[in-house]
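This is run_8.pdb (PDB, C-alpha atoms and all ligand atoms).
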```pdb
MODEL        1
ATOM      1  CA  MET A  14     -12.861  -4.749 -62.790
ATOM      2  CA  GLU A  15     -10.170  -5.453 -60.207
ATOM      3  CA  SER A  16     -10.062  -9.144 -59.325
ATOM      4  CA  PHE A  17     -10.965 -10.232 -55.816
ATOM      5  CA  ILE A  18      -7.415 -11.335 -55.095
ATOM      6  CA  THR A  19      -5.859  -8.087 -56.368
ATOM      7  CA  LYS A  20      -8.213  -5.992 -54.286
ATOM      8  CA  TYR A  21      -8.341  -8.065 -51.094
ATOM      9  CA  GLY A  22      -5.317 -10.394 -51.181
ATOM     10  CA  PRO A  23      -2.984 -11.902 -50.511
ATOM     11  CA  TRP A  24      -4.071 -12.692 -46.918
ATOM     12  CA  ALA A  25      -7.443 -12.579 -45.168
ATOM     13  CA  LEU A  26      -7.662 -12.441 -41.388
ATOM     14  CA  VAL A  27     -10.913 -13.864 -40.018
ATOM     15  CA  THR A  28     -11.792 -13.885 -36.334
ATOM     16  CA  GLY A  29     -14.144 -16.520 -34.999
ATOM     17  CA  ALA A  30     -13.086 -18.783 -37.850
ATOM     18  CA  SER A  31     -13.242 -22.081 -35.952
ATOM     19  CA  ARG A  32     -16.899 -22.654 -36.883
ATOM     20  CA  GLY A  33     -20.127 -21.116 -38.193
ATOM     21  CA  ILE A  34     -20.160 -17.968 -40.299
ATOM     22  CA  GLY A  35     -16.458 -17.162 -39.669
ATOM     23  CA  ALA A  36     -15.303 -20.559 -40.920
ATOM     24  CA  GLU A  37     -17.461 -20.087 -44.021
ATOM     25  CA  PHE A  38     -15.942 -16.645 -44.687
ATOM     26  CA  ALA A  39     -12.504 -18.270 -44.564
ATOM     27  CA  ARG A  40     -13.570 -21.029 -46.964
ATOM     28  CA  GLN A  41     -15.119 -18.582 -49.448
ATOM     29  CA  PHE A  42     -11.977 -16.400 -49.382
ATOM     30  CA  ALA A  43      -9.801 -19.479 -49.916
ATOM     31  CA  LYS A  44     -11.994 -20.460 -52.846
ATOM     32  CA  GLN A  45     -11.205 -17.038 -54.362
ATOM     33  CA  GLY A  46      -7.483 -17.723 -53.920
ATOM     34  CA  LEU A  47      -6.748 -15.777 -50.728
ATOM     35  CA  ASN A  48      -4.506 -17.231 -48.025
ATOM     36  CA  VAL A  49      -6.217 -17.169 -44.646
ATOM     37  CA  ILE A  50      -5.360 -16.573 -41.008
ATOM     38  CA  LEU A  51      -7.928 -18.168 -38.729
ATOM     39  CA  VAL A  52      -8.380 -16.801 -35.209
ATOM     40  CA  ALA A  53     -10.467 -18.311 -32.390
ATOM     41  CA  THR A  54      -9.864 -20.090 -29.091
ATOM     42  CA  ASN A  55     -10.605 -23.736 -29.998
ATOM     43  CA  LYS A  56      -7.313 -25.188 -31.336
ATOM     44  CA  ARG A  57      -8.809 -28.464 -32.516
ATOM     45  CA  LEU A  58     -11.566 -26.828 -34.592
ATOM     46  CA  LEU A  59      -9.096 -24.289 -36.000
ATOM     47  CA  THR A  60      -6.760 -27.066 -37.129
ATOM     48  CA  GLU A  61      -9.668 -28.934 -38.751
ATOM     49  CA  GLN A  62     -10.613 -25.792 -40.717
ATOM     50  CA  LYS A  63      -6.991 -25.124 -41.710
ATOM     51  CA  ASP A  64      -6.525 -28.710 -42.979
ATOM     52  CA  LEU A  65      -9.795 -28.610 -44.900
ATOM     53  CA  ILE A  66      -8.964 -25.263 -46.512
ATOM     54  CA  GLU A  67      -5.429 -26.223 -47.538
ATOM     55  CA  ARG A  68      -6.577 -29.596 -48.854
ATOM     56  CA  THR A  69      -9.589 -28.243 -50.760
ATOM     57  CA  TYR A  70      -8.367 -24.903 -52.110
ATOM     58  CA  GLY A  71      -4.564 -25.216 -52.228
ATOM     59  CA  VAL A  72      -3.958 -21.885 -50.462
ATOM     60  CA  ALA A  73      -1.936 -21.342 -47.284
ATOM     61  CA  ALA A  74      -3.762 -21.235 -43.955
ATOM     62  CA  ARG A  75      -2.451 -20.301 -40.490
ATOM     63  CA  THR A  76      -4.189 -20.629 -37.160
ATOM     64  CA  VAL A  77      -3.913 -18.427 -34.090
ATOM     65  CA  ALA A  78      -5.521 -19.798 -30.930
ATOM     66  CA  LEU A  79      -6.259 -16.578 -29.108
ATOM     67  CA  ASP A  80      -8.796 -15.213 -26.668
ATOM     68  CA  LEU A  81      -9.906 -11.866 -28.094
ATOM     69  CA  ALA A  82     -11.115 -10.794 -24.659
ATOM     70  CA  ARG A  83      -7.442 -10.448 -23.633
ATOM     71  CA  GLU A  84      -6.360  -6.832 -23.174
ATOM     72  CA  ASP A  85      -3.168  -7.507 -25.150
ATOM     73  CA  PHE A  86      -4.574  -9.709 -27.938
ATOM     74  CA  LEU A  87      -3.111  -7.508 -30.691
ATOM     75  CA  ASP A  88       0.428  -8.119 -29.367
ATOM     76  CA  VAL A  89      -0.114 -11.815 -30.126
ATOM     77  CA  LEU A  90      -1.426 -11.188 -33.634
ATOM     78  CA  ILE A  91       1.131  -8.636 -34.789
ATOM     79  CA  PRO A  92       4.105 -11.060 -35.029
ATOM     80  CA  VAL A  93       1.950 -13.491 -37.070
ATOM     81  CA  THR A  94       0.771 -10.826 -39.513
ATOM     82  CA  LYS A  95       3.885  -8.624 -39.705
ATOM     83  CA  SER A  96       5.304 -10.364 -42.749
ATOM     84  CA  ARG A  97       1.895 -11.115 -44.280
ATOM     85  CA  GLU A  98      -0.116  -8.466 -46.069
ATOM     86  CA  ILE A  99      -3.671  -8.481 -44.713
ATOM     87  CA  GLY A 100      -5.937  -7.264 -47.503
ATOM     88  CA  MET A 101      -9.148  -8.521 -45.941
ATOM     89  CA  LEU A 102     -10.268  -8.382 -42.329
ATOM     90  CA  VAL A 103     -13.443  -9.948 -40.990
ATOM     91  CA  CYS A 104     -14.331  -9.093 -37.395
ATOM     92  CA  ASN A 105     -16.709 -11.967 -36.838
ATOM     93  CA  ALA A 106     -15.904 -13.485 -33.424
ATOM     94  CA  ALA A 107     -18.680 -12.915 -30.949
ATOM     95  CA  ILE A 108     -20.135 -14.168 -27.727
ATOM     96  CA  SER A 109     -23.904 -14.421 -27.972
ATOM     97  CA  THR A 110     -26.047 -14.988 -24.919
ATOM     98  CA  VAL A 111     -29.811 -15.004 -24.612
ATOM     99  CA  ARG A 112     -30.521 -14.334 -20.941
ATOM    100  CA  PRO A 113     -32.126 -11.672 -18.792
ATOM    101  CA  PHE A 114     -29.661  -8.783 -18.427
ATOM    102  CA  LEU A 115     -29.571  -8.701 -14.640
ATOM    103  CA  GLU A 116     -28.833 -12.432 -14.418
ATOM    104  CA  GLN A 117     -25.477 -11.921 -16.128
ATOM    105  CA  SER A 118     -22.412 -10.959 -14.120
ATOM    106  CA  GLU A 119     -20.506  -7.769 -14.840
ATOM    107  CA  GLU A 120     -17.542  -9.952 -15.798
ATOM    108  CA  GLU A 121     -19.560 -11.916 -18.401
ATOM    109  CA  LEU A 122     -21.018  -8.745 -19.881
ATOM    110  CA  LEU A 123     -17.644  -7.049 -20.120
ATOM    111  CA  ARG A 124     -16.092 -10.126 -21.696
ATOM    112  CA  GLN A 125     -18.829 -10.058 -24.342
ATOM    113  CA  PHE A 126     -18.234  -6.341 -24.874
ATOM    114  CA  TYR A 127     -14.492  -6.923 -25.282
ATOM    115  CA  VAL A 128     -14.818  -9.736 -27.833
ATOM    116  CA  ASN A 129     -17.730  -8.315 -29.830
ATOM    117  CA  ALA A 130     -16.881  -4.588 -29.874
ATOM    118  CA  ARG A 131     -13.439  -3.734 -28.426
ATOM    119  CA  ALA A 132     -11.619  -6.373 -30.503
ATOM    120  CA  ALA A 133     -13.376  -5.193 -33.683
ATOM    121  CA  LEU A 134     -12.354  -1.599 -32.958
ATOM    122  CA  ILE A 135      -8.688  -2.447 -32.321
ATOM    123  CA  LEU A 136      -8.381  -4.764 -35.328
ATOM    124  CA  THR A 137     -10.090  -2.317 -37.671
ATOM    125  CA  ARG A 138      -7.812   0.531 -36.644
ATOM    126  CA  HIS A 139      -4.611  -1.517 -36.835
ATOM    127  CA  TYR A 140      -5.204  -3.326 -40.134
ATOM    128  CA  GLY A 141      -7.151  -0.387 -41.592
ATOM    129  CA  LYS A 142      -3.998   1.743 -41.285
ATOM    130  CA  HIS A 143      -1.967  -0.789 -43.255
ATOM    131  CA  MET A 144      -4.671  -1.057 -45.900
ATOM    132  CA  ALA A 145      -4.830   2.739 -46.216
ATOM    133  CA  GLU A 146      -1.052   2.816 -46.899
ATOM    134  CA  ARG A 147      -1.601   0.345 -49.743
ATOM    135  CA  LYS A 148      -4.826   2.107 -50.840
ATOM    136  CA  ARG A 149      -6.812  -1.112 -51.031
ATOM    137  CA  GLY A 150      -8.478  -3.691 -48.839
ATOM    138  CA  GLY A 151     -11.741  -4.847 -47.319
ATOM    139  CA  ILE A 152     -13.145  -4.884 -43.794
ATOM    140  CA  ILE A 153     -16.344  -6.659 -42.789
ATOM    141  CA  LEU A 154     -17.759  -5.975 -39.337
ATOM    142  CA  LEU A 155     -20.300  -8.508 -38.173
ATOM    143  CA  SER A 156     -23.394  -6.889 -36.817
ATOM    144  CA  SER A 157     -26.826  -8.478 -36.458
ATOM    145  CA  ALA A 158     -30.451  -7.703 -37.162
ATOM    146  CA  SER A 159     -30.655  -7.115 -33.395
ATOM    147  CA  ALA A 160     -28.635  -3.932 -34.005
ATOM    148  CA  MET A 161     -31.608  -2.367 -35.759
ATOM    149  CA  ASN A 162     -33.442  -1.667 -32.522
ATOM    150  CA  GLY A 163     -33.244  -2.534 -28.847
ATOM    151  CA  THR A 164     -33.902  -6.215 -28.166
ATOM    152  CA  ALA A 165     -34.665  -7.705 -24.759
ATOM    153  CA  TYR A 166     -32.629 -10.639 -23.393
ATOM    154  CA  VAL A 167     -29.726  -9.796 -25.721
ATOM    155  CA  ALA A 168     -29.367  -6.181 -24.581
ATOM    156  CA  ASN A 169     -25.578  -6.112 -24.296
ATOM    157  CA  TYR A 170     -25.111  -8.278 -27.403
ATOM    158  CA  ALA A 171     -27.452  -6.005 -29.393
ATOM    159  CA  GLY A 172     -25.532  -2.954 -28.129
ATOM    160  CA  THR A 173     -22.223  -4.405 -29.336
ATOM    161  CA  LYS A 174     -23.782  -5.254 -32.695
ATOM    162  CA  ALA A 175     -25.161  -1.713 -33.066
ATOM    163  CA  TYR A 176     -21.621  -0.480 -32.397
ATOM    164  CA  ASN A 177     -20.231  -2.652 -35.212
ATOM    165  CA  LEU A 178     -22.947  -1.554 -37.598
ATOM    166  CA  ILE A 179     -22.360   2.160 -37.054
ATOM    167  CA  LEU A 180     -18.565   1.765 -37.056
ATOM    168  CA  GLY A 181     -18.832  -0.103 -40.365
ATOM    169  CA  GLU A 182     -21.212   2.334 -42.030
ATOM    170  CA  SER A 183     -19.168   5.344 -40.912
ATOM    171  CA  LEU A 184     -15.918   3.855 -42.165
ATOM    172  CA  TRP A 185     -17.547   2.798 -45.436
ATOM    173  CA  TYR A 186     -17.539   6.488 -46.319
ATOM    174  CA  GLU A 187     -14.355   7.576 -44.546
ATOM    175  CA  LEU A 188     -12.053   4.706 -45.537
ATOM    176  CA  GLY A 189     -13.802   4.289 -48.866
ATOM    177  CA  LYS A 190     -11.998   7.442 -49.939
ATOM    178  CA  GLN A 191      -8.751   5.562 -49.316
ATOM    179  CA  GLY A 192      -9.645   2.536 -51.405
ATOM    180  CA  ILE A 193     -10.918   0.358 -48.549
ATOM    181  CA  ASP A 194     -14.308  -1.330 -48.821
ATOM    182  CA  VAL A 195     -15.997  -1.492 -45.410
ATOM    183  CA  LEU A 196     -19.274  -3.258 -44.690
ATOM    184  CA  GLY A 197     -21.430  -3.529 -41.593
ATOM    185  CA  PHE A 198     -23.074  -6.899 -42.131
ATOM    186  CA  MET A 199     -26.220  -8.132 -40.399
ATOM    187  CA  PRO A 200     -26.898 -11.834 -40.746
ATOM    188  CA  GLY A 201     -30.438 -12.914 -39.967
ATOM    189  CA  CYS A 202     -30.950 -16.241 -38.195
ATOM    190  CA  THR A 203     -28.246 -18.481 -39.645
ATOM    191  CA  LYS A 204     -27.792 -22.153 -38.819
ATOM    192  CA  THR A 205     -24.520 -22.245 -36.879
ATOM    193  CA  PRO A 206     -23.372 -23.849 -33.612
ATOM    194  CA  GLY A 207     -23.732 -20.431 -31.945
ATOM    195  CA  PHE A 208     -27.344 -20.106 -33.110
ATOM    196  CA  GLU A 209     -28.292 -23.669 -32.269
ATOM    197  CA  GLN A 210     -26.823 -23.580 -28.756
ATOM    198  CA  HIS A 211     -29.854 -21.505 -27.736
ATOM    199  CA  ASN A 212     -32.311 -24.245 -28.862
ATOM    200  CA  PRO A 213     -34.303 -21.866 -31.056
ATOM    201  CA  GLU A 214     -37.894 -22.483 -32.064
ATOM    202  CA  PRO A 215     -38.198 -20.244 -35.130
ATOM    203  CA  GLY A 216     -41.780 -19.406 -36.068
ATOM    204  CA  ARG A 217     -43.326 -18.956 -39.481
ATOM    205  CA  LEU A 218     -41.969 -15.459 -39.991
ATOM    206  CA  VAL A 219     -38.359 -16.341 -39.241
ATOM    207  CA  THR A 220     -36.230 -17.711 -42.064
ATOM    208  CA  VAL A 221     -33.138 -19.640 -40.996
ATOM    209  CA  MET A 222     -30.404 -19.307 -43.605
ATOM    210  CA  GLY A 223     -27.408 -21.531 -44.302
ATOM    211  CA  VAL A 224     -23.868 -20.178 -43.779
ATOM    212  CA  MET A 225     -23.055 -20.333 -47.482
ATOM    213  CA  GLU A 226     -25.895 -18.056 -48.544
ATOM    214  CA  THR A 227     -25.352 -15.687 -45.607
ATOM    215  CA  VAL A 228     -21.663 -15.196 -46.408
ATOM    216  CA  ALA A 229     -22.354 -14.935 -50.149
ATOM    217  CA  GLU A 230     -24.680 -11.995 -49.396
ATOM    218  CA  ALA A 231     -21.919 -10.212 -47.476
ATOM    219  CA  LEU A 232     -19.441 -10.630 -50.312
ATOM    220  CA  GLU A 233     -22.011  -9.497 -52.831
ATOM    221  CA  ALA A 234     -22.653  -6.285 -50.840
ATOM    222  CA  LEU A 235     -18.989  -5.513 -50.076
ATOM    223  CA  GLY A 236     -17.792  -2.452 -51.958
ATOM    224  CA  LYS A 237     -21.327  -1.471 -52.916
ATOM    225  CA  HIS A 238     -23.219  -0.723 -49.714
ATOM    226  CA  PRO A 239     -22.323   0.632 -46.244
ATOM    227  CA  SER A 240     -24.351  -2.147 -44.628
ATOM    228  CA  ARG A 241     -26.475  -5.115 -45.531
ATOM    229  CA  ILE A 242     -29.128  -7.254 -43.844
ATOM    230  CA  ALA A 243     -28.931 -10.834 -45.110
ATOM    231  CA  GLY A 244     -32.092 -12.393 -46.510
ATOM    232  CA  GLY A 245     -34.864 -10.812 -48.585
ATOM    233  CA  MET A 246     -37.529 -11.474 -45.937
ATOM    234  CA  ASN A 247     -35.351  -9.942 -43.203
ATOM    235  CA  ARG A 248     -34.707  -6.848 -45.313
ATOM    236  CA  LEU A 249     -38.415  -6.440 -45.961
ATOM    237  CA  MET A 250     -39.353  -6.938 -42.299
ATOM    238  CA  TYR A 251     -36.808  -4.436 -40.992
ATOM    239  CA  ALA A 252     -37.636  -1.904 -43.710
ATOM    240  CA  ILE A 253     -41.314  -2.033 -42.704
ATOM    241  CA  MET A 254     -40.584  -1.921 -38.973
ATOM    242  CA  GLY A 255     -38.013   0.859 -39.292
ATOM    243  CA  ARG A 256     -40.180   3.079 -41.459
ATOM    244  CA  LEU A 257     -43.712   2.430 -40.329
ATOM    245  CA  LEU A 258     -43.679   1.536 -36.649
ATOM    246  CA  PRO A 259     -42.997   3.735 -33.637
ATOM    247  CA  ARG A 260     -39.802   2.678 -31.915
ATOM    248  CA  ARG A 261     -41.591   1.297 -28.833
ATOM    249  CA  GLN A 262     -43.670  -1.035 -31.025
ATOM    250  CA  ALA A 263     -40.651  -2.265 -32.946
ATOM    251  CA  VAL A 264     -38.756  -2.981 -29.698
ATOM    252  CA  GLY A 265     -41.820  -4.785 -28.347
ATOM    253  CA  ILE A 266     -42.217  -6.961 -31.448
ATOM    254  CA  VAL A 267     -38.601  -8.141 -31.609
ATOM    255  CA  SER A 268     -38.439  -8.610 -27.840
ATOM    256  CA  ARG A 269     -41.590 -10.746 -27.770
ATOM    257  CA  SER A 270     -40.259 -12.794 -30.667
ATOM    258  CA  MET A 271     -37.073 -13.406 -28.610
ATOM    259  CA  GLU A 272     -39.300 -14.856 -25.863
ATOM    260  CA  LYS A 273     -41.036 -17.147 -28.366
ATOM    261  CA  ILE A 274     -37.934 -18.290 -30.229
ATOM    262  CA  PHE A 275     -35.391 -18.609 -27.434
ATOM    263  CA  HIS A 276     -37.283 -19.003 -24.100
ATOM    264  CA  PRO A 277     -34.709 -16.863 -22.231
ATOM    265  CA  PHE A 278     -36.073 -17.736 -18.772
ATOM    266  CA  ASN A 279     -35.400 -21.487 -19.078
TER     267      ASN A 279
HETATM  268  N1  LIG A 301     -25.876 -17.235 -36.503
HETATM  269  C1  LIG A 301     -26.759 -16.243 -36.455
HETATM  270  O1  LIG A 301     -27.984 -16.487 -36.503
HETATM  271  C2  LIG A 301     -26.300 -14.819 -36.371
HETATM  272  C3  LIG A 301     -27.271 -13.809 -36.458
HETATM  273  C4  LIG A 301     -26.860 -12.480 -36.381
HETATM  274  C5  LIG A 301     -25.514 -12.167 -36.249
HETATM  275  N2  LIG A 301     -24.586 -13.182 -36.172
HETATM  276  C6  LIG A 301     -23.197 -12.781 -36.008
HETATM  277  O2  LIG A 301     -22.384 -13.520 -36.905
HETATM  278  C7  LIG A 301     -21.120 -13.821 -36.305
HETATM  279  C8  LIG A 301     -20.862 -15.303 -36.330
HETATM  280  O3  LIG A 301     -21.942 -15.956 -35.707
HETATM  281  P1  LIG A 301     -21.994 -17.540 -35.556
HETATM  282  O4  LIG A 301     -23.418 -17.893 -35.364
HETATM  283  O5  LIG A 301     -21.181 -18.180 -36.635
HETATM  284  O6  LIG A 301     -21.248 -17.710 -34.143
HETATM  285  P2  LIG A 301     -20.695 -19.022 -33.408
HETATM  286  O7  LIG A 301     -21.134 -20.267 -34.077
HETATM  287  O8  LIG A 301     -21.040 -18.840 -31.954
HETATM  288  O9  LIG A 301     -19.130 -18.818 -33.581
HETATM  289  C9  LIG A 301     -18.518 -17.771 -32.923
HETATM  290  C10 LIG A 301     -17.060 -17.754 -33.269
HETATM  291  O10 LIG A 301     -16.426 -16.767 -32.439
HETATM  292  C11 LIG A 301     -15.331 -17.368 -31.772
HETATM  293  N3  LIG A 301     -15.105 -16.760 -30.460
HETATM  294  C12 LIG A 301     -15.986 -16.661 -29.432
HETATM  295  N4  LIG A 301     -15.391 -16.119 -28.360
HETATM  296  C13 LIG A 301     -14.113 -15.853 -28.721
HETATM  297  C14 LIG A 301     -12.997 -15.283 -28.047
HETATM  298  N5  LIG A 301     -13.067 -14.914 -26.762
HETATM  299  N6  LIG A 301     -11.837 -15.154 -28.702
HETATM  300  C15 LIG A 301     -11.733 -15.569 -30.002
HETATM  301  N7  LIG A 301     -12.735 -16.111 -30.689
HETATM  302  C16 LIG A 301     -13.923 -16.247 -30.060
HETATM  303  C17 LIG A 301     -15.718 -18.836 -31.667
HETATM  304  O11 LIG A 301     -14.590 -19.681 -31.605
HETATM  305  P3  LIG A 301     -14.027 -20.436 -30.316
HETATM  306  O12 LIG A 301     -15.194 -20.998 -29.553
HETATM  307  O13 LIG A 301     -13.122 -21.447 -30.911
HETATM  308  O14 LIG A 301     -13.303 -19.370 -29.574
HETATM  309  C18 LIG A 301     -16.396 -19.078 -32.999
HETATM  310  O15 LIG A 301     -15.446 -19.341 -33.995
HETATM  311  C19 LIG A 301     -21.178 -13.231 -34.899
HETATM  312  O16 LIG A 301     -20.582 -11.977 -34.887
HETATM  313  C20 LIG A 301     -22.656 -13.103 -34.617
HETATM  314  O17 LIG A 301     -22.953 -12.062 -33.701
HETATM  315  C21 LIG A 301     -24.958 -14.483 -36.236
ENDMDL
END
```
Spell out the structure here as structure tokens.
Amino acid sequence: MESFITKYGPWALVTGASRGIGAEFARQFAKQGLNVILVATNKRLLTEQKDLIERTYGVAARTVALDLAREDFLDVLIPVTKSREIGMLVCNAAISTVRPFLEQSEEELLRQFYVNARAALILTRHYGKHMAERKRGGIILLSSASAMNGTAYVANYAGTKAYNLILGESLWYELGKQGIDVLGFMPGCTKTPGFEQHNPEPGRLVTVMGVMETVAEALEALGKHPSRIAGGMNRLMYAIMGRLLPRRQAVGIVSRSMEKIFHPFN
């Protein structure tokens, strides 16, 4: 079997790597021996992650403080990555908001669309082309369980996550023929700053996972499946809902659970 570093090295590019799931992806790649490029907007948190990774794993790490909502964000990244072979791309950066749709401005919604979906599209095309030339590589597109069906109070977020899921699954087949492993990955509730900012009140049926186990599930599924929902309970719940319930019931269940967990009207 090809080693992780031969297949996906020597550099991994991870967006949203200043904290949460993205930072954990970067750490797990570094542990496997990959050098990492960390992209996000918060310079201080990026530098902390870079220092930790270099100190702990002895690989090289670079940071790029960059707003992925910028029209021209790729022009900033290209000079940093031109001389570095990106064998692994993780499109993880996202803006998550839990609020009634009509209370959000068009500007906020478009910004979320740009970071969550447009940036993933542009990065996947650009680095996917380079990977195809080398006939190897990996791309992980962060989706969410909310991509499985419409979900109230995160309507735009869920739409962007559905986009990533379908882009990932489609390219799993198409780019798979060119030696590139693509995965649409759906974390369940995972304890991160982004999750906790919404002051969740998870009920009995909701399992909150740690970042290490969530990321480990993505890496385990990469190269084997077009997509993966993290967590055995989540997989079971969505399998039952997807197969047994009419769509309107499934949308109702997840939307009511959003009201209970996140209190979107507060
Ligand atoms: N945690 C969960 O329960 C959960 C569940 C389902 C799906 N997910 C998905 O998993 C991924 C990671 O989630 P998380 O909970 O770790 O998120 P998080 O804690 O909110 O972190 C989001 C990351 O994205 C970066 N980011 C946000 N806006 C950006 C922008 N304009 N330009 C560049 N970077 C930007 C943030 O960095 P800066 O603030 O430094 O820019 C941060 O590093 C997301 O795609 C999310 O949709 C998470």
Note to self: Can you pull out every residue with an atom within 7 Å of ligand LIG 301 (chain A)? Use all atoms listed in the file and format it as a ChimeraX atom specification.
What the structure shows: /A:28-35,52-56,58,79-82,105-109,128-129,155-158,174,199-208
Within 7 Å of segment 230-236 of chain A, which residues of segment 112-218 of chain A come that close, and what is the closest atom pair and distance in Å for each? Count all atoms listed in the file and give it as a Markdown table.
```
| residue | atom | partner | partner_atom | distance |
| --- | --- | --- | --- | --- |
| A:Asp194 | CA | A:Gly236 | CA | 4.8 |
| A:Val195 | CA | A:Leu235 | CA | 6.8 |
| A:Leu196 | CA | A:Leu235 | CA | 5.8 |
| A:Phe198 | CA | A:Ala231 | CA | 6.4 |
```
Next item on the list: For Leu249 of chain A, list every protein, DNA or RNA residue within 12 Å, evaluated using only C-alpha atoms, and leave out those in the same chain fewer than 6 positions away; present the list as a count of residues only.
Entry: 9
Name every residue that the PyMOL selection byres (((chain A and resi 211) around 9) and not hetatm) selects in this structure, writing the answer as a PDB file with C-alpha atoms, keeping the file's coordinate frame with chains first and numbers rising.
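Output (part01.pdb):
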```
ATOM      1  CA  THR A 110     -26.047 -14.988 -24.919  1.00  0.00           C
ATOM      2  CA  VAL A 111     -29.811 -15.004 -24.612  1.00  0.00           C
ATOM      3  CA  GLY A 207     -23.732 -20.431 -31.945  1.00  0.00           C
ATOM      4  CA  PHE A 208     -27.344 -20.106 -33.110  1.00  0.00           C
ATOM      5  CA  GLU A 209     -28.292 -23.669 -32.269  1.00  0.00           C
ATOM      6  CA  GLN A 210     -26.823 -23.580 -28.756  1.00  0.00           C
ATOM      7  CA  ASN A 212     -32.311 -24.245 -28.862  1.00  0.00           C
ATOM      8  CA  PRO A 213     -34.303 -21.866 -31.056  1.00  0.00           C
ATOM      9  CA  PHE A 275     -35.391 -18.609 -27.434  1.00  0.00           C
ATOM     10  CA  HIS A 276     -37.283 -19.003 -24.100  1.00  0.00           C
ATOM     11  CA  PRO A 277     -34.709 -16.863 -22.231  1.00  0.00           C
TER      12      PRO A 277
END
```
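Protein, DNA and RNA residues at most 9 Å from (-20.6, -5.7, -24.4), with all atoms listed in the file, are these: A:Glu121, A:Leu122, A:Leu123, A:Arg124, A:Gln125, A:Phe126, A:Tyr127, A:Val128, A:Asn129, A:Ala130, A:Arg131, A:Ala168, A:Asn169, A:Tyr170, A:Ala171, A:Gly172, A:Thr173, A:Lys174.
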Item checked: Distance criterion (all atoms listed in the file): nearest to Phe86 of chain A out of A:Asn48, A:Leu136, A:Gly150, A:Thr19 -> A:Leu136
Check: Quick one: residues within 8 Å of Thr164 of chain A, all atoms listed in the file counted, chain neighbours fewer than 4 positions away excluded, as an NGL selection string?
Finding: :A and (159 or 168 or 171 or 264 or 267-268 or 271)
Notebook entry, point to check: Could you write out as a PyMOL selection string the residues that the PyMOL selection byres (((chain A and resi 25) around 12) and not hetatm) matches in the shown file?
Noted result: chain A and resi 17-18+20-24+26-28+30+35-36+38-52+72-76+94+97-104+140+144+150-153
Note to self: Could you tell me, as a PyMOL selection string, exactly which residues end up selected when the PyMOL selection byres (((chain A and resi 185) around 7) and not hetatm) is applied to this structure?
What the structure shows: chain A and resi 181-184+186-189+194-196+239
Check: What is the atom CA of His143 of chain A to atom CA of Asp64 of chain A distance in Å?
Finding: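 Separation between atom CA of His143 of chain A and atom CA of Asp64 of chain A: 28.3 Å.
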Checklist line | Between atom CA of Arg112 of chain A and atom CA of Pro259 of chain A - distance in Å to one decimal | finding: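 Answer for the atom CA of Pro259 of chain A to atom CA of Arg112 of chain A separation: 25.4 Å.
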